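Participant: What follows is upload25.cif; its format and atoms are mmCIF, C-alpha atoms.
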data_target
#
loop_
_atom_site.group_PDB
_atom_site.id
_atom_site.type_symbol
_atom_site.label_atom_id
_atom_site.label_comp_id
_atom_site.auth_asym_id
_atom_site.auth_seq_id
_atom_site.Cartn_x
_atom_site.Cartn_y
_atom_site.Cartn_z
ATOM 1 C CA MET A 197 0.640 -124.694 120.858
ATOM 2 C CA SER A 198 2.062 -128.175 120.368
ATOM 3 C CA THR A 199 -1.176 -129.190 118.663
ATOM 4 C CA LEU A 200 -0.857 -126.306 116.199
ATOM 5 C CA ALA A 201 2.746 -127.282 115.503
ATOM 6 C CA GLN A 202 1.606 -130.861 114.858
ATOM 7 C CA GLU A 203 -0.990 -129.620 112.372
ATOM 8 C CA PHE A 204 1.831 -128.060 110.364
ATOM 9 C CA SER A 205 4.470 -130.775 110.742
ATOM 10 C CA LYS A 206 2.213 -133.733 109.895
ATOM 11 C CA GLY A 207 2.145 -132.757 106.225
ATOM 12 C CA ILE A 208 5.926 -132.738 106.072
ATOM 13 C CA PHE A 209 6.559 -136.000 107.886
ATOM 14 C CA LYS A 210 3.829 -138.328 109.158
ATOM 15 C CA GLU A 211 1.230 -137.561 106.458
ATOM 16 C CA ASN A 212 3.471 -136.358 103.635
ATOM 17 C CA PRO A 213 1.155 -136.427 100.576
ATOM 18 C CA THR A 214 3.810 -137.785 98.216
ATOM 19 C CA PHE A 215 5.937 -140.153 100.287
ATOM 20 C CA ARG A 216 3.362 -141.320 102.862
ATOM 21 C CA LEU A 217 -0.116 -140.967 101.333
ATOM 22 C CA LEU A 218 0.972 -141.455 97.685
ATOM 23 C CA LEU A 219 -1.299 -138.679 96.408
ATOM 24 C CA GLY A 220 -0.699 -136.569 93.316
ATOM 25 C CA MET A 221 1.473 -139.159 91.597
ATOM 26 C CA CYS A 222 0.857 -137.902 88.032
ATOM 27 C CA PRO A 223 2.643 -134.537 88.440
ATOM 28 C CA THR A 224 5.252 -136.177 90.677
ATOM 29 C CA LEU A 225 6.250 -138.551 87.906
ATOM 30 C CA ALA A 226 5.664 -136.279 84.921
ATOM 31 C CA ILE A 227 7.196 -132.897 85.679
ATOM 32 C CA THR A 228 10.096 -133.633 88.029
ATOM 33 C CA THR A 229 12.728 -133.826 85.296
ATOM 34 C CA THR A 230 14.453 -130.859 86.955
ATOM 35 C CA ALA A 231 14.532 -129.414 90.457
ATOM 36 C CA PHE A 232 13.093 -126.129 89.187
ATOM 37 C CA PHE A 233 10.054 -127.795 87.622
ATOM 38 C CA GLY A 234 9.442 -129.842 90.777
ATOM 39 C CA PHE A 235 9.775 -126.763 92.974
ATOM 40 C CA GLY A 236 7.507 -124.735 90.706
ATOM 41 C CA MET A 237 4.785 -127.378 90.758
ATOM 42 C CA GLY A 238 5.095 -127.747 94.523
ATOM 43 C CA VAL A 239 4.730 -124.014 95.127
ATOM 44 C CA SER A 240 1.737 -123.891 92.760
ATOM 45 C CA VAL A 241 0.015 -126.676 94.706
ATOM 46 C CA LEU A 242 0.876 -124.963 97.998
ATOM 47 C CA ALA A 243 -0.618 -121.643 96.833
ATOM 48 C CA VAL A 244 -3.863 -123.232 95.617
ATOM 49 C CA LEU A 245 -4.135 -125.425 98.716
ATOM 50 C CA LEU A 246 -3.583 -122.510 101.090
ATOM 51 C CA CYS A 247 -6.057 -120.166 99.403
ATOM 52 C CA SER A 248 -8.757 -122.811 98.921
ATOM 53 C CA ASN A 249 -8.425 -124.107 102.498
ATOM 54 C CA ILE A 250 -8.856 -120.594 103.875
ATOM 55 C CA VAL A 251 -11.971 -119.856 101.816
ATOM 56 C CA ILE A 252 -13.579 -123.277 102.308
ATOM 57 C CA SER A 253 -12.987 -123.142 106.054
ATOM 58 C CA ALA A 254 -14.374 -119.609 106.251
ATOM 59 C CA VAL A 255 -17.604 -120.402 104.364
ATOM 60 C CA ARG A 256 -18.021 -124.039 105.416
ATOM 61 C CA ASN A 257 -21.207 -123.335 107.379
ATOM 62 C CA LEU A 258 -22.774 -121.489 104.451
ATOM 63 C CA ILE A 259 -22.432 -124.297 101.884
ATOM 64 C CA PRO A 260 -25.304 -126.838 101.860
ATOM 65 C CA ASP A 261 -24.165 -130.472 101.961
ATOM 66 C CA LYS A 262 -25.934 -131.250 98.668
ATOM 67 C CA VAL A 263 -23.698 -128.877 96.700
ATOM 68 C CA ARG A 264 -20.576 -129.216 98.846
ATOM 69 C CA MET A 265 -18.305 -130.875 96.291
ATOM 70 C CA PRO A 266 -19.299 -128.674 93.312
ATOM 71 C CA ALA A 267 -18.764 -125.627 95.515
ATOM 72 C CA TYR A 268 -15.295 -126.848 96.495
ATOM 73 C CA ILE A 269 -14.387 -127.465 92.868
ATOM 74 C CA LEU A 270 -15.555 -123.960 91.922
ATOM 75 C CA ILE A 271 -13.469 -122.373 94.696
ATOM 76 C CA ILE A 272 -10.387 -124.440 93.845
ATOM 77 C CA ALA A 273 -10.803 -123.783 90.103
ATOM 78 C CA ALA A 274 -10.824 -120.021 90.725
ATOM 79 C CA PHE A 275 -7.472 -120.190 92.517
ATOM 80 C CA VAL A 276 -6.016 -122.580 89.932
ATOM 81 C CA SER A 277 -6.992 -120.158 87.152
ATOM 82 C CA ALA A 278 -5.340 -117.287 89.030
ATOM 83 C CA THR A 279 -2.183 -119.375 89.553
ATOM 84 C CA ASP A 280 -2.152 -120.380 85.894
ATOM 85 C CA MET A 281 -2.388 -116.754 84.745
ATOM 86 C CA LEU A 282 0.285 -115.584 87.195
ATOM 87 C CA LEU A 283 2.713 -118.279 86.079
ATOM 88 C CA ASN A 284 2.039 -117.463 82.428
ATOM 89 C CA ALA A 285 2.657 -113.767 83.074
ATOM 90 C CA TYR A 286 5.725 -113.934 85.307
ATOM 91 C CA VAL A 287 7.345 -117.366 84.752
ATOM 92 C CA PRO A 288 6.422 -118.341 81.171
ATOM 93 C CA ASP A 289 9.112 -121.020 80.867
ATOM 94 C CA LEU A 290 7.822 -122.788 83.970
ATOM 95 C CA HIS A 291 4.237 -122.344 82.796
ATOM 96 C CA LYS A 292 5.083 -123.964 79.471
ATOM 97 C CA ALA A 293 6.939 -126.847 81.137
ATOM 98 C CA LEU A 294 4.144 -127.639 83.607
ATOM 99 C CA GLY A 295 1.558 -127.426 80.837
ATOM 100 C CA ILE A 296 -1.671 -129.331 81.463
ATOM 101 C CA PHE A 297 -0.659 -130.212 85.012
ATOM 102 C CA ILE A 298 -1.488 -126.688 86.210
ATOM 103 C CA PRO A 299 -5.209 -126.883 85.276
ATOM 104 C CA LEU A 300 -5.288 -130.453 86.616
ATOM 105 C CA ILE A 301 -4.546 -129.100 90.100
ATOM 106 C CA VAL A 302 -8.334 -128.558 90.251
ATOM 107 C CA VAL A 303 -8.884 -132.305 90.619
ATOM 108 C CA ASN A 304 -5.649 -133.062 92.462
ATOM 109 C CA CYS A 305 -6.367 -135.569 95.235
ATOM 110 C CA ILE A 306 -4.328 -133.531 97.699
ATOM 111 C CA ILE A 307 -6.401 -130.362 97.203
ATOM 112 C CA MET A 308 -9.788 -132.077 97.204
ATOM 113 C CA GLY A 309 -8.799 -134.372 100.054
ATOM 114 C CA ARG A 310 -7.767 -131.528 102.363
ATOM 115 C CA ALA A 311 -10.900 -129.554 101.497
ATOM 116 C CA GLU A 312 -13.188 -132.472 102.298
ATOM 117 C CA ALA A 313 -11.295 -134.077 105.177
ATOM 118 C CA PHE A 314 -9.968 -130.997 106.963
ATOM 119 C CA ALA A 315 -10.982 -127.483 105.857
ATOM 120 C CA ARG A 316 -14.732 -128.129 106.063
ATOM 121 C CA LYS A 317 -14.392 -129.435 109.629
ATOM 122 C CA ASN A 318 -11.903 -126.987 111.158
ATOM 123 C CA ASN A 319 -11.425 -123.274 111.723
ATOM 124 C CA VAL A 320 -9.376 -120.988 109.499
ATOM 125 C CA VAL A 321 -6.211 -121.052 111.649
ATOM 126 C CA ARG A 322 -6.006 -124.841 111.687
ATOM 127 C CA SER A 323 -6.840 -124.965 107.981
ATOM 128 C CA ILE A 324 -3.993 -122.556 107.223
ATOM 129 C CA LEU A 325 -1.512 -124.666 109.187
ATOM 130 C CA ASP A 326 -2.770 -127.838 107.530
ATOM 131 C CA ALA A 327 -2.457 -126.297 104.064
ATOM 132 C CA LEU A 328 1.023 -124.928 104.763
ATOM 133 C CA GLY A 329 2.238 -128.263 106.132
ATOM 134 C CA MET A 330 0.809 -130.293 103.266
ATOM 135 C CA GLY A 331 1.971 -127.747 100.701
ATOM 136 C CA VAL A 332 5.499 -127.612 102.073
ATOM 137 C CA GLY A 333 5.532 -131.424 102.187
ATOM 138 C CA VAL A 334 4.554 -131.624 98.511
ATOM 139 C CA THR A 335 7.076 -128.946 97.545
ATOM 140 C CA ILE A 336 9.930 -130.680 99.374
ATOM 141 C CA SER A 337 8.989 -134.045 97.853
ATOM 142 C CA LEU A 338 8.718 -132.840 94.262
ATOM 143 C CA THR A 339 11.879 -130.759 94.557
ATOM 144 C CA LEU A 340 13.800 -133.705 96.011
ATOM 145 C CA VAL A 341 12.717 -136.010 93.187
ATOM 146 C CA GLY A 342 13.634 -133.279 90.703
ATOM 147 C CA ILE A 343 17.054 -132.703 92.289
ATOM 148 C CA ILE A 344 17.966 -136.389 92.087
ATOM 149 C CA ARG A 345 16.742 -136.780 88.503
ATOM 150 C CA GLU A 346 18.443 -133.596 87.336
ATOM 151 C CA LEU A 347 21.686 -134.317 89.193
ATOM 152 C CA PHE A 348 22.190 -137.780 87.777
ATOM 153 C CA GLY A 349 20.319 -137.211 84.516
ATOM 154 C CA ALA A 350 22.016 -133.945 83.535
ATOM 155 C CA GLY A 351 24.773 -133.366 86.099
ATOM 156 C CA SER A 352 23.207 -130.167 87.404
ATOM 157 C CA ILE A 353 20.906 -128.852 90.130
ATOM 158 C CA PHE A 354 18.592 -125.906 89.402
ATOM 159 C CA GLY A 355 20.522 -125.507 86.142
ATOM 160 C CA PHE A 356 23.930 -125.152 87.811
ATOM 161 C CA ASN A 357 26.496 -127.709 86.672
ATOM 162 C CA ILE A 358 27.568 -129.829 89.657
ATOM 163 C CA MET A 359 29.238 -132.881 88.171
ATOM 164 C CA GLY A 360 31.621 -131.115 85.785
ATOM 165 C CA SER A 361 32.120 -131.464 82.053
ATOM 166 C CA ALA A 362 33.554 -134.988 82.300
ATOM 167 C CA TYR A 363 30.365 -136.428 83.817
ATOM 168 C CA GLU A 364 28.375 -138.805 81.608
ATOM 169 C CA PRO A 365 24.663 -138.206 82.377
ATOM 170 C CA MET A 366 22.482 -141.172 83.285
ATOM 171 C CA MET A 367 19.821 -140.488 80.667
ATOM 172 C CA LEU A 368 17.558 -143.131 82.185
ATOM 173 C CA LEU A 369 16.819 -140.872 85.156
ATOM 174 C CA ALA A 370 15.816 -138.035 82.852
ATOM 175 C CA SER A 371 13.282 -140.312 81.120
ATOM 176 C CA PRO A 372 9.815 -141.385 82.379
ATOM 177 C CA PRO A 373 11.090 -144.739 83.750
ATOM 178 C CA GLY A 374 13.648 -142.733 85.750
ATOM 179 C CA ALA A 375 10.808 -141.036 87.592
ATOM 180 C CA PHE A 376 9.472 -144.413 88.754
ATOM 181 C CA ILE A 377 12.930 -145.591 89.785
ATOM 182 C CA THR A 378 13.695 -142.396 91.728
ATOM 183 C CA LEU A 379 10.303 -142.326 93.429
ATOM 184 C CA GLY A 380 10.541 -146.028 94.332
ATOM 185 C CA ILE A 381 13.959 -145.591 95.950
ATOM 186 C CA LEU A 382 12.802 -142.533 97.903
ATOM 187 C CA LEU A 383 9.639 -144.302 99.072
ATOM 188 C CA GLY A 384 11.720 -147.226 100.294
ATOM 189 C CA LEU A 385 14.142 -144.933 102.140
ATOM 190 C CA CYS A 386 11.280 -142.969 103.726
ATOM 191 C CA ASN A 387 9.492 -146.117 104.876
ATOM 192 C CA PHE A 388 12.726 -147.454 106.342
ATOM 193 C CA ALA A 389 13.479 -144.175 108.117
ATOM 194 C CA PHE A 390 9.961 -143.814 109.525
ATOM 195 C CA LYS A 391 10.000 -147.413 110.726
ATOM 196 C CA ARG A 392 13.302 -146.858 112.514
ATOM 197 C CA LEU A 393 11.942 -143.659 114.078
ATOM 198 C CA GLY A 394 8.736 -145.406 115.159
ATOM 199 C CA ILE A 395 6.505 -143.183 112.995
ATOM 200 C CA GLU A 396 3.501 -145.074 111.665
#
As structure tokens, please, write out the structure in this file.

Facilitator:
Amino acid sequence: MSTLAQEFSKGIFKENPTFRLLLGMCPTLAITTTAFFGFGMGVSVLAVLLCSNIVISAVRNLIPDKVRMPAYILIIAAFVSATDMLLNAYVPDLHKALGIFIPLIVVNCIIMGRAEAFARKNNVVRSILDALGMGVGVTISLTLVGIIRELFGAGSIFGFNIMGSAYEPMMLLASPPGAFITLGILLGLCNFAFKRLGIE
């Protein structure tokens, strides 16, 4: 049981895709202007990762090695297309904000990496836990970056005014350079915390 718990928790802490493995940096920097956009992107990645991991793990013995990667891309692309259509139908504002970064989930290093490194080598249960852990890790990371940028860049969190009408927004954090600054600070804090906790 502890091993199964570790499969889930590693994606949140020890192998967090954003703060530890530095994967998927383009959407992390581009769409985290608000907490809602970061959360929406994180959930989209989680959904695609979970569905693709399940299918790839289930059919891993049926896919010849020569066509392994094209087959993975086809499976992932099917779930990305479904996610894209669902977002467009039910959350059009989020769909418009995420734009090209939804289709680009197909070639996201996190998705392809988990398919190749984990789902093709493990059973469905472990693949589900791995996908959930990694997906939750990405969602937490993107939402956290979005919260910080929105809080200091607009004075709100998830659209709710926190700082009051007298607050002067730090427009730098709402701009592209603000994404690099926020991510750099969070990476430094995470590395410091993990070092103090003895997590390598």

Participant: Could you list, as a ChimeraX atom specification, every residue within 8 Å of region 354-363 of chain A, counting only C-alpha atoms and ignoring same-chain residues fewer than 2 positions away?

Facilitator: /A:230-232,343,346-347,351-352,365

Participant: Write out, as a short mmCIF file (atom, residue, chain, number, x, y, z; two decimals), keeping the file's coordinate frame, the residues just selected, with C-alpha atoms.

Facilitator:
data_model
loop_
_atom_site.label_atom_id
_atom_site.label_comp_id
_atom_site.auth_asym_id
_atom_site.auth_seq_id
_atom_site.Cartn_x
_atom_site.Cartn_y
_atom_site.Cartn_z
CA THR A 230 14.45 -130.86 86.96
CA ALA A 231 14.53 -129.41 90.46
CA PHE A 232 13.09 -126.13 89.19
CA ILE A 343 17.05 -132.70 92.29
CA GLU A 346 18.44 -133.60 87.34
CA LEU A 347 21.69 -134.32 89.19
CA GLY A 351 24.77 -133.37 86.10
CA SER A 352 23.21 -130.17 87.40
CA PRO A 365 24.66 -138.21 82.38
#

Participant: Step by step, work through what the PyMOL selection byres ((chain A and resi 324-334) around 8) selects in the shown file, and finish by giving those residues as JSON, numbers by chain.

Facilitator: {"A": [200, 203, 204, 205, 206, 207, 208, 209, 211, 212, 213, 214, 238, 239, 241, 242, 243, 245, 246, 249, 250, 310, 314, 320, 321, 322, 323, 335, 336, 337, 338]}

Participant: Might you spell out which residues the PyMOL selection byres ((chain A and resi 267) around 12) would select in the displayed file, as a list in words?

Facilitator: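 Expected selection for the PyMOL selection byres ((chain A and resi 267) around 12) here is Ser248, Val251, Ile252, Val255, Arg256, Leu258, Ile259, Pro260, Asp261, Lys262, Val263, Arg264, Met265, Pro266, Tyr268, Ile269, Leu270, Ile271, Ile272, Ala273, Ala274, Met308, Ala311, Glu312 and Arg316 of chain A.
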
Participant: With all atoms listed in the file as the atoms that count, which of A:Met281, A:Phe348, A:Gly380, A:Ala315 lies nearest to Leu368 (chain A)?

Facilitator: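 Selected residue with least distance to Leu368 (chain A): A:Phe348.
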
Participant: With a distance cut-off of 12 Å and only C-alpha atoms, select the neighbouring residues of Phe390 (chain A), excluding the residue or stretch itself and same-chain residues fewer than 3 positions from it, and output the selection as a CSV table (one decimal) with C-alpha atoms, in the coordinates of the input.

Facilitator:
chain,number,residue,atom,x,y,z
A,209,PHE,CA,6.6,-136.0,107.9
A,210,LYS,CA,3.8,-138.3,109.2
A,211,GLU,CA,1.2,-137.6,106.5
A,212,ASN,CA,3.5,-136.4,103.6
A,215,PHE,CA,5.9,-140.2,100.3
A,216,ARG,CA,3.4,-141.3,102.9
A,383,LEU,CA,9.6,-144.3,99.1
A,384,GLY,CA,11.7,-147.2,100.3
A,385,LEU,CA,14.1,-144.9,102.1
A,386,CYS,CA,11.3,-143.0,103.7
A,387,ASN,CA,9.5,-146.1,104.9
A,393,LEU,CA,11.9,-143.7,114.1
A,394,GLY,CA,8.7,-145.4,115.2
A,395,ILE,CA,6.5,-143.2,113.0
A,396,GLU,CA,3.5,-145.1,111.7

Participant: List the residues matched by the PyMOL selection byres ((chain A and resi 296-303) around 8) in the displayed structure as a list in words, ordered by chain and then by residue number.

Facilitator: Pro223, Met237, Ser240, Val241, Ile269, Ile272, Ala273, Val276, Ser277, Asp280, His291, Leu294, Gly295, Asn304, Cys305, Ile307 and Met308 of chain A

Participant: If we count only C-alpha atoms and set the cut-off at 9 Å, which residues sit around Ser371 (chain A), ignoring sequence neighbours fewer than 3 positions away in its own chain? Please answer as a PDB file with C-alpha atoms, in the frame of the given file.

Facilitator:
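Saved file out.pdb follows:
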ATOM      1  CA  THR A 229      12.728-133.826  85.296  1.00  0.00           C
ATOM      2  CA  ARG A 345      16.742-136.780  88.503  1.00  0.00           C
ATOM      3  CA  GLY A 349      20.319-137.211  84.516  1.00  0.00           C
ATOM      4  CA  MET A 367      19.821-140.488  80.667  1.00  0.00           C
ATOM      5  CA  LEU A 368      17.558-143.131  82.185  1.00  0.00           C
ATOM      6  CA  GLY A 374      13.648-142.733  85.750  1.00  0.00           C
ATOM      7  CA  ALA A 375      10.808-141.036  87.592  1.00  0.00           C
TER       8      ALA A 375
END

Participant: Could you work out how far CA of Ile353 (chain A) lies from CA of Thr228 (chain A), giving the answer in Å with one decimal?

Facilitator: 12.0 Å

Participant: Would you mind reading off the distance between CA of Met366 (chain A) and CA of Ala293 (chain A), one decimal, in Å?

Facilitator: 21.2 Å

Participant: Would you work out the distance separating CA of Val244 (chain A) from CA of Thr279 (chain A), expressed in Å to one decimal?

Facilitator: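 Here the two named atoms are 7.4 Å from each other.
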
Participant: Residues around (13.1, -140.2, 94.0), cut-off 7 Å, counting all atoms listed in the file - what are they as number ranges by chain?

Facilitator: A: 340-341, 344, 375, 377-382

Participant: Enclose all atoms of region 266-280 of chain A listed in the file in an axis-aligned box, grow every side by 3 Å, and hand back centre and edge lengths in Å to one decimal, as JSON.

Facilitator:
{"center_x": -10.7, "center_y": -123.0, "center_z": 91.2, "size_x": 23.1, "size_y": 17.4, "size_z": 16.6}

Participant: Using only C-alpha atoms, find the one residue out of A:Ile306, A:Leu283, A:Ala389, A:Ile227 that sits nearest to Pro372 (chain A).

Facilitator: A:Ile227

Participant: Please supply region 374-390 of chain A, rebuilt with N, CA and C atoms, as a PDB file, keeping the file's coordinate frame.

Facilitator:
ATOM      1  N   GLY A 374      12.804-143.260  84.683  1.00  0.00           N
ATOM      2  CA  GLY A 374      13.648-142.733  85.750  1.00  0.00           C
ATOM      3  C   GLY A 374      12.847-142.136  86.892  1.00  0.00           C
ATOM      4  N   ALA A 375      11.676-141.593  86.553  1.00  0.00           N
ATOM      5  CA  ALA A 375      10.808-141.036  87.592  1.00  0.00           C
ATOM      6  C   ALA A 375      10.320-142.141  88.524  1.00  0.00           C
ATOM      7  N   PHE A 376       9.931-143.283  87.948  1.00  0.00           N
ATOM      8  CA  PHE A 376       9.472-144.413  88.754  1.00  0.00           C
ATOM      9  C   PHE A 376      10.605-144.969  89.620  1.00  0.00           C
ATOM     10  N   ILE A 377      11.784-145.068  89.039  1.00  0.00           N
ATOM     11  CA  ILE A 377      12.930-145.591  89.785  1.00  0.00           C
ATOM     12  C   ILE A 377      13.275-144.676  90.955  1.00  0.00           C
ATOM     13  N   THR A 378      13.355-143.369  90.681  1.00  0.00           N
ATOM     14  CA  THR A 378      13.695-142.396  91.728  1.00  0.00           C
ATOM     15  C   THR A 378      12.652-142.391  92.834  1.00  0.00           C
ATOM     16  N   LEU A 379      11.379-142.343  92.438  1.00  0.00           N
ATOM     17  CA  LEU A 379      10.303-142.326  93.429  1.00  0.00           C
ATOM     18  C   LEU A 379      10.298-143.605  94.252  1.00  0.00           C
ATOM     19  N   GLY A 380      10.516-144.752  93.609  1.00  0.00           N
ATOM     20  CA  GLY A 380      10.541-146.028  94.332  1.00  0.00           C
ATOM     21  C   GLY A 380      11.643-146.077  95.372  1.00  0.00           C
ATOM     22  N   ILE A 381      12.834-145.610  94.998  1.00  0.00           N
ATOM     23  CA  ILE A 381      13.959-145.591  95.950  1.00  0.00           C
ATOM     24  C   ILE A 381      13.652-144.669  97.122  1.00  0.00           C
ATOM     25  N   LEU A 382      13.109-143.484  96.834  1.00  0.00           N
ATOM     26  CA  LEU A 382      12.802-142.533  97.903  1.00  0.00           C
ATOM     27  C   LEU A 382      11.701-143.048  98.823  1.00  0.00           C
ATOM     28  N   LEU A 383      10.702-143.713  98.248  1.00  0.00           N
ATOM     29  CA  LEU A 383       9.639-144.302  99.072  1.00  0.00           C
ATOM     30  C   LEU A 383      10.203-145.367 100.007  1.00  0.00           C
ATOM     31  N   GLY A 384      11.095-146.201  99.462  1.00  0.00           N
ATOM     32  CA  GLY A 384      11.720-147.226 100.294  1.00  0.00           C
ATOM     33  C   GLY A 384      12.544-146.628 101.424  1.00  0.00           C
ATOM     34  N   LEU A 385      13.321-145.593 101.116  1.00  0.00           N
ATOM     35  CA  LEU A 385      14.142-144.933 102.140  1.00  0.00           C
ATOM     36  C   LEU A 385      13.272-144.263 103.203  1.00  0.00           C
ATOM     37  N   CYS A 386      12.185-143.625 102.763  1.00  0.00           N
ATOM     38  CA  CYS A 386      11.280-142.969 103.726  1.00  0.00           C
ATOM     39  C   CYS A 386      10.615-143.986 104.638  1.00  0.00           C
ATOM     40  N   ASN A 387      10.129-145.074 104.062  1.00  0.00           N
ATOM     41  CA  ASN A 387       9.492-146.117 104.876  1.00  0.00           C
ATOM     42  C   ASN A 387      10.471-146.708 105.888  1.00  0.00           C
ATOM     43  N   PHE A 388      11.701-146.930 105.446  1.00  0.00           N
ATOM     44  CA  PHE A 388      12.726-147.454 106.342  1.00  0.00           C
ATOM     45  C   PHE A 388      13.020-146.474 107.468  1.00  0.00           C
ATOM     46  N   ALA A 389      13.169-145.195 107.111  1.00  0.00           N
ATOM     47  CA  ALA A 389      13.479-144.175 108.117  1.00  0.00           C
ATOM     48  C   ALA A 389      12.346-144.028 109.117  1.00  0.00           C
ATOM     49  N   PHE A 390      11.104-143.977 108.620  1.00  0.00           N
ATOM     50  CA  PHE A 390       9.961-143.814 109.525  1.00  0.00           C
ATOM     51  C   PHE A 390       9.792-145.028 110.435  1.00  0.00           C
TER      52      PHE A 390
END
